[in-house]
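Raw coords04.cif, mmCIF, C-alpha atoms and all ligand atoms:
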data_target
loop_
_atom_site.label_atom_id
_atom_site.label_comp_id
_atom_site.auth_asym_id
_atom_site.auth_seq_id
_atom_site.Cartn_x
_atom_site.Cartn_y
_atom_site.Cartn_z
CA MET A 17 0.42 -66.38 -17.12
CA THR A 18 -2.28 -63.75 -16.83
CA ILE A 19 -2.65 -61.47 -19.82
CA GLN A 20 -0.81 -58.21 -19.27
CA LEU A 21 -2.26 -55.05 -20.76
CA CYS A 22 0.59 -52.57 -21.20
CA GLY A 23 0.12 -48.84 -21.59
CA PHE A 24 -1.60 -46.19 -19.50
CA ALA A 25 -5.17 -45.44 -18.53
CA VAL A 26 -5.40 -42.05 -20.30
CA SER A 27 -4.81 -43.61 -23.72
CA ASN A 28 -7.96 -44.16 -25.76
CA TYR A 29 -6.54 -47.18 -27.58
CA TYR A 30 -5.49 -48.71 -24.28
CA ASN A 31 -8.99 -48.12 -22.93
CA LYS A 32 -10.56 -49.65 -26.03
CA VAL A 33 -8.81 -52.94 -25.28
CA LYS A 34 -9.34 -52.63 -21.53
CA LEU A 35 -13.08 -52.16 -22.03
CA ALA A 36 -13.23 -55.32 -24.17
CA LEU A 37 -11.30 -57.36 -21.58
CA LEU A 38 -13.54 -56.12 -18.76
CA GLU A 39 -16.74 -56.68 -20.74
CA LYS A 40 -15.66 -60.24 -21.45
CA GLY A 41 -14.59 -60.88 -17.87
CA ILE A 42 -11.12 -61.99 -18.96
CA PRO A 43 -8.58 -61.76 -16.14
CA PHE A 44 -5.70 -59.39 -16.91
CA GLU A 45 -3.20 -57.22 -15.14
CA GLU A 46 -2.30 -53.69 -16.08
CA VAL A 47 1.33 -52.72 -16.55
CA VAL A 48 2.07 -49.01 -16.84
CA VAL A 49 4.17 -48.31 -19.92
CA MET A 50 4.37 -44.80 -21.36
CA THR A 51 4.81 -44.03 -25.06
CA GLY A 52 8.17 -43.42 -26.68
CA SER A 53 10.07 -45.98 -24.62
CA LYS A 54 13.54 -46.89 -25.82
CA ASP A 55 13.57 -49.99 -23.65
CA GLU A 56 14.37 -53.12 -25.69
CA ALA A 57 11.82 -55.11 -23.72
CA VAL A 58 9.10 -52.68 -24.81
CA LEU A 59 10.30 -52.41 -28.42
CA ALA A 60 10.32 -56.19 -28.68
CA CYS A 61 6.57 -56.11 -27.99
CA SER A 62 5.61 -52.82 -29.66
CA PRO A 63 8.28 -51.80 -32.18
CA LEU A 64 6.99 -48.23 -32.48
CA ALA A 65 6.68 -48.00 -28.69
CA LYS A 66 2.98 -47.28 -29.08
CA VAL A 67 0.44 -48.41 -26.53
CA PRO A 68 -1.42 -50.54 -25.92
CA TYR A 69 0.27 -53.86 -26.36
CA ILE A 70 -0.52 -57.05 -24.58
CA ARG A 71 1.60 -59.91 -23.36
CA THR A 72 0.05 -63.36 -23.64
CA PRO A 73 1.44 -66.81 -22.81
CA GLN A 74 2.25 -67.13 -26.53
CA GLY A 75 3.94 -63.74 -26.91
CA ALA A 76 3.17 -60.08 -27.35
CA LEU A 77 0.75 -58.31 -29.68
CA CYS A 78 0.51 -54.64 -30.60
CA GLU A 79 -2.13 -52.70 -32.58
CA SER A 80 -5.47 -52.51 -30.83
CA GLU A 81 -7.56 -53.91 -33.70
CA VAL A 82 -5.36 -56.98 -33.88
CA ILE A 83 -5.50 -57.37 -30.11
CA MET A 84 -9.30 -57.14 -30.25
CA GLY A 85 -9.39 -59.84 -32.91
CA TRP A 86 -7.21 -62.12 -30.79
CA ILE A 87 -9.25 -61.50 -27.63
CA GLU A 88 -12.43 -62.60 -29.36
CA ALA A 89 -10.91 -65.59 -31.12
CA ALA A 90 -9.09 -66.82 -28.02
CA HIS A 91 -12.01 -66.33 -25.63
CA PRO A 92 -15.12 -67.43 -27.47
CA GLY A 93 -16.72 -68.72 -24.26
CA THR A 94 -17.05 -65.27 -22.70
CA PRO A 95 -19.78 -62.78 -23.70
CA PRO A 96 -19.17 -62.21 -27.41
CA LEU A 97 -18.32 -58.74 -28.65
CA LEU A 98 -18.68 -59.82 -32.28
CA PRO A 99 -21.63 -61.54 -33.97
CA ALA A 100 -21.17 -65.25 -34.76
CA ASP A 101 -21.88 -64.74 -38.45
CA PRO A 102 -18.58 -63.94 -40.22
CA PHE A 103 -20.03 -61.22 -42.41
CA ALA A 104 -21.85 -59.53 -39.52
CA ALA A 105 -18.64 -59.74 -37.49
CA ALA A 106 -16.69 -58.14 -40.33
CA LYS A 107 -19.24 -55.30 -40.49
CA VAL A 108 -18.58 -54.59 -36.80
CA ARG A 109 -14.82 -54.66 -37.37
CA GLU A 110 -15.26 -52.37 -40.38
CA LEU A 111 -16.94 -49.78 -38.19
CA SER A 112 -14.34 -50.09 -35.47
CA GLN A 113 -11.50 -49.65 -37.94
CA PHE A 114 -13.30 -46.78 -39.63
CA ILE A 115 -13.52 -44.92 -36.33
CA ASP A 116 -9.82 -45.47 -35.62
CA LEU A 117 -8.47 -44.63 -39.07
CA HIS A 118 -10.82 -42.02 -40.43
CA LEU A 119 -12.04 -40.18 -37.35
CA GLU A 120 -9.61 -40.61 -34.47
CA LEU A 121 -6.40 -40.60 -36.43
CA VAL A 122 -7.38 -37.39 -38.22
CA ALA A 123 -8.62 -35.64 -35.07
CA ARG A 124 -5.38 -36.72 -33.37
CA GLU A 125 -3.55 -34.05 -35.39
CA LEU A 126 -5.32 -31.51 -33.16
CA TYR A 127 -4.48 -33.10 -29.80
CA ALA A 128 -1.23 -31.18 -29.27
CA GLN A 129 -3.26 -27.99 -29.01
CA ALA A 130 -6.48 -29.45 -27.63
CA PHE A 131 -4.97 -31.35 -24.73
CA PHE A 132 -1.24 -30.72 -24.35
CA GLY A 133 -0.75 -26.95 -24.46
CA GLY A 134 0.85 -26.90 -27.92
CA THR A 135 -0.27 -25.14 -31.08
CA VAL A 136 -1.46 -26.39 -34.43
CA SER A 137 -0.93 -24.41 -37.63
CA GLU A 138 -3.81 -22.87 -39.55
CA GLU A 139 -2.93 -25.15 -42.45
CA VAL A 140 -3.29 -28.28 -40.33
CA LYS A 141 -6.53 -26.98 -38.84
CA ALA A 142 -8.02 -26.42 -42.31
CA SER A 143 -6.84 -29.78 -43.53
CA VAL A 144 -8.23 -31.64 -40.50
CA ARG A 145 -11.55 -29.83 -40.78
CA LYS A 146 -11.90 -30.70 -44.46
CA ARG A 147 -11.07 -34.39 -43.95
CA LEU A 148 -13.19 -34.78 -40.83
CA VAL A 149 -16.30 -33.23 -42.38
CA LYS A 150 -16.01 -35.75 -45.20
CA ASN A 151 -15.13 -38.69 -42.95
CA ILE A 152 -17.85 -37.99 -40.39
CA ALA A 153 -20.48 -37.99 -43.15
CA ALA A 154 -19.06 -41.31 -44.34
CA PHE A 155 -19.09 -42.68 -40.78
CA GLN A 156 -22.77 -41.78 -40.53
CA ARG A 157 -23.48 -44.10 -43.45
CA LEU A 158 -22.02 -47.02 -41.48
CA ALA A 159 -22.99 -46.19 -37.90
CA LYS A 160 -26.38 -47.27 -36.56
CA PHE A 161 -26.63 -45.87 -33.02
CA ALA A 162 -29.57 -48.26 -32.48
CA PRO A 163 -28.74 -47.72 -29.68
CA TYR A 164 -25.20 -49.16 -29.99
CA VAL A 165 -22.94 -47.95 -32.74
CA ALA A 166 -23.22 -51.14 -34.82
CA GLY A 167 -26.85 -51.94 -33.95
CA ASP A 168 -28.87 -53.35 -31.08
CA THR A 169 -25.99 -55.11 -29.30
CA PHE A 170 -22.85 -53.89 -27.55
CA THR A 171 -19.87 -54.89 -29.71
CA GLN A 172 -16.18 -54.26 -30.29
CA ALA A 173 -17.18 -51.21 -32.32
CA ASP A 174 -18.53 -49.65 -29.13
CA CYS A 175 -15.16 -50.16 -27.48
CA ALA A 176 -13.64 -48.03 -30.24
CA ALA A 177 -16.47 -45.51 -30.44
CA TRP A 178 -16.88 -44.90 -26.73
CA VAL A 179 -13.21 -44.09 -26.16
CA SER A 180 -12.66 -42.05 -29.32
CA LEU A 181 -15.83 -40.16 -30.32
CA PRO A 182 -15.64 -37.84 -27.28
CA LEU A 183 -12.02 -37.03 -28.16
CA VAL A 184 -12.96 -36.16 -31.74
CA ALA A 185 -15.72 -33.91 -30.41
CA MET A 186 -13.61 -32.23 -27.72
CA ALA A 187 -10.59 -31.69 -29.97
CA THR A 188 -12.62 -30.16 -32.81
CA LYS A 189 -14.58 -27.97 -30.43
CA SER A 190 -11.46 -26.74 -28.70
CA VAL A 191 -9.23 -26.18 -31.75
CA LEU A 192 -11.68 -25.58 -34.61
CA GLY A 193 -14.28 -23.82 -32.48
CA GLU A 194 -16.93 -26.33 -33.48
CA ASP A 195 -17.76 -29.87 -32.40
CA LEU A 196 -17.81 -31.40 -35.85
CA LEU A 197 -19.60 -34.55 -34.68
CA ALA A 198 -22.45 -32.57 -33.11
CA THR A 199 -22.65 -30.28 -36.14
CA ALA A 200 -23.09 -33.34 -38.35
CA GLY A 201 -25.89 -34.56 -36.08
CA VAL A 202 -24.04 -37.28 -34.17
CA ASP A 203 -25.47 -37.24 -30.64
CA TRP A 204 -22.27 -38.61 -29.16
CA LYS A 205 -23.09 -37.33 -25.66
CA ALA A 206 -26.24 -39.45 -25.37
CA TYR A 207 -24.35 -42.41 -26.81
CA ALA A 208 -21.42 -41.93 -24.42
CA ALA A 209 -23.83 -41.70 -21.49
CA LEU A 210 -25.55 -44.93 -22.54
CA VAL A 211 -22.31 -46.90 -22.78
CA GLY A 212 -21.06 -45.12 -19.66
CA GLN A 213 -23.76 -46.88 -17.64
CA ARG A 214 -22.03 -50.21 -18.13
CA LEU A 215 -19.97 -51.45 -15.19
CA ALA A 216 -16.93 -52.07 -17.38
CA ALA A 217 -17.11 -48.56 -18.83
CA GLN A 218 -17.46 -47.09 -15.34
CA LYS A 219 -14.25 -48.82 -14.29
CA VAL A 220 -12.42 -47.55 -17.39
CA ALA A 221 -13.68 -44.01 -16.81
CA ALA A 222 -12.79 -44.03 -13.09
CA ASP A 223 -9.26 -45.30 -13.79
CA ARG A 224 -8.85 -42.74 -16.57
CA LYS A 225 -9.88 -39.94 -14.21
CA THR A 226 -7.36 -41.04 -11.60
CA ALA A 227 -4.60 -41.32 -14.23
CA GLN A 228 -5.48 -37.92 -15.71
CA GLU A 229 -5.36 -36.26 -12.31
CA ALA A 230 -1.99 -37.85 -11.58
CA MET A 231 -0.68 -36.71 -14.98
CA PHE A 232 -1.77 -33.09 -14.45
CA ALA A 233 -0.47 -33.05 -10.88
CA LYS A 234 2.93 -34.14 -12.20
CA LYS A 235 2.99 -31.45 -14.89
CA GLY A 236 1.92 -28.84 -12.35
N1 LIG B 301 -2.91 -47.97 -34.28
C1 LIG B 301 -2.53 -48.06 -32.89
C2 LIG B 301 -2.56 -46.68 -32.30
C3 LIG B 301 -2.05 -46.65 -30.88
C4 LIG B 301 -1.61 -45.26 -30.48
O1 LIG B 301 -1.42 -44.35 -31.32
N2 LIG B 301 -1.46 -45.08 -29.19
C5 LIG B 301 -0.98 -43.83 -28.71
C6 LIG B 301 -1.46 -43.59 -27.30
S1 LIG B 301 -3.19 -43.28 -27.28
C7 LIG B 301 0.53 -43.83 -28.74
O2 LIG B 301 1.13 -44.84 -28.41
N3 LIG B 301 1.15 -42.73 -29.16
C8 LIG B 301 2.56 -42.60 -29.21
C9 LIG B 301 3.11 -42.67 -30.61
O3 LIG B 301 2.32 -42.66 -31.57
O4 LIG B 301 4.33 -42.72 -30.74
C10 LIG B 301 -3.49 -48.98 -32.14
O5 LIG B 301 -4.63 -49.12 -32.59
O6 LIG B 301 -3.08 -49.60 -31.15
#

Kindly return the structure encoded in the file as structure tokens.
Amino acid sequence: MTIQLCGFAVSNYYNKVKLALLEKGIPFEEVVVMTGSKDEAVLACSPLAKVPYIRTPQGALCESEVIMGWIEAAHPGTPPLLPADPFAAAKVRELSQFIDLHLELVARELYAQAFFGGTVSEEVKASVRKRLVKNIAAFQRLAKFAPYVAGDTFTQADCAAWVSLPLVAMATKSVLGEDLLATAGVDWKAYAALVGQRLAAQKVAADRKTAQEAMFAKKG
């Protein structure tokens, strides 16, 4: 059975995993599953109906960080996205998880207004701003951008950073009136352009564009 990547191509967490699979040259098929499904078959794989999840010959896995860990462990023969040294590998995972938990997940509170036509209260805006200013400064202590986010090699942390840093920037710019990453001195545009030159990233970006256009066409 080929690995099935379930979710949709606009999702940053879906694209994080997709980028890793493409970079490693692991065959997989994409299965479109939207969030919030009540379908038992989906809930059996992803109990909160979040995406992505993957289906493997041994069963399903949800949570992108866990999926990334499995991909690397189960496919050591393909180009590695983690260093061989366990401590160095953990440092990469630390950065990836930091981006997800302390940047993306906080910025996510702005997405309703930034991307989906909703509104966010002034209280939430102030709270997000306060946490992100602190968390971005902390991220800068870990991130290397030399030129990749964890150092001189493309790693799993780039899969997380490349899909999520632009969202943090766009959401803060749109809702808070200021790109908090740029204000802190993170040149995420140059970084995104660098990673964007990779063939795997180009495929992810092209598929995302097509999916976004289809989504907007549907909404009208
Ligand atoms: N921690 C999860 C986050 C996944 C996630 O939040 N995915 C979004 C789509 S980008 C989703 O499913 N949202 C629907 C929901 O939270 O119910 C992961 O790393 O896989």

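Selection of all polymer residues within 6 Å of ligand LIG 301 (chain B) on the basis of all atoms listed in the file gives Ser27, Asn28, Tyr29, Thr51, Gly52, Lys66, Val67, Pro68, Glu79, Ser80 and Glu81 of chain A.
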
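In this comparison, which uses only C-alpha atoms, the residue of A:Glu139, A:Glu110, A:Asp116, A:Glu88 approaching A:Leu181 most closely is A:Asp116.
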
| Between A:Ala222, A:Ala173, A:Leu117, A:Val136, which is the closest to A:Leu192 once you count only C-alpha atoms? | A:Val136

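One finds atom CA of A:Ala159 at 9.9 Å from atom CA of A:Phe114.
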
Might I get the box with edges along x, y and z of the file that holds all atoms of stretch 67-84 of chain A listed there, padded by 6 Å on every side, given as centre and edge lengths in Å to one decimal, as JSON?
{"center_x": -2.7, "center_y": -57.8, "center_z": -28.3, "size_x": 25.2, "size_y": 30.7, "size_z": 23.1}

| message | Can you pull out the residues contacting A:Glu120? Cut-off 12 Å, using all atoms listed in the file, and skip same-chain residues under 3 positions away; I want them as a ChimeraX atom specification. | response | /A:28-29,112-117,123-127,144,147-148,151-152,155,176-188,197

| note | Counting only C-alpha atoms, closest pick from A:Val191, A:Val165, A:Ala227, A:Val48 relative to A:Gly134 is A:Val191

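If you look at atom CA of A:Pro43 and atom CA of A:Lys107, they are 27.4 Å away from each other.
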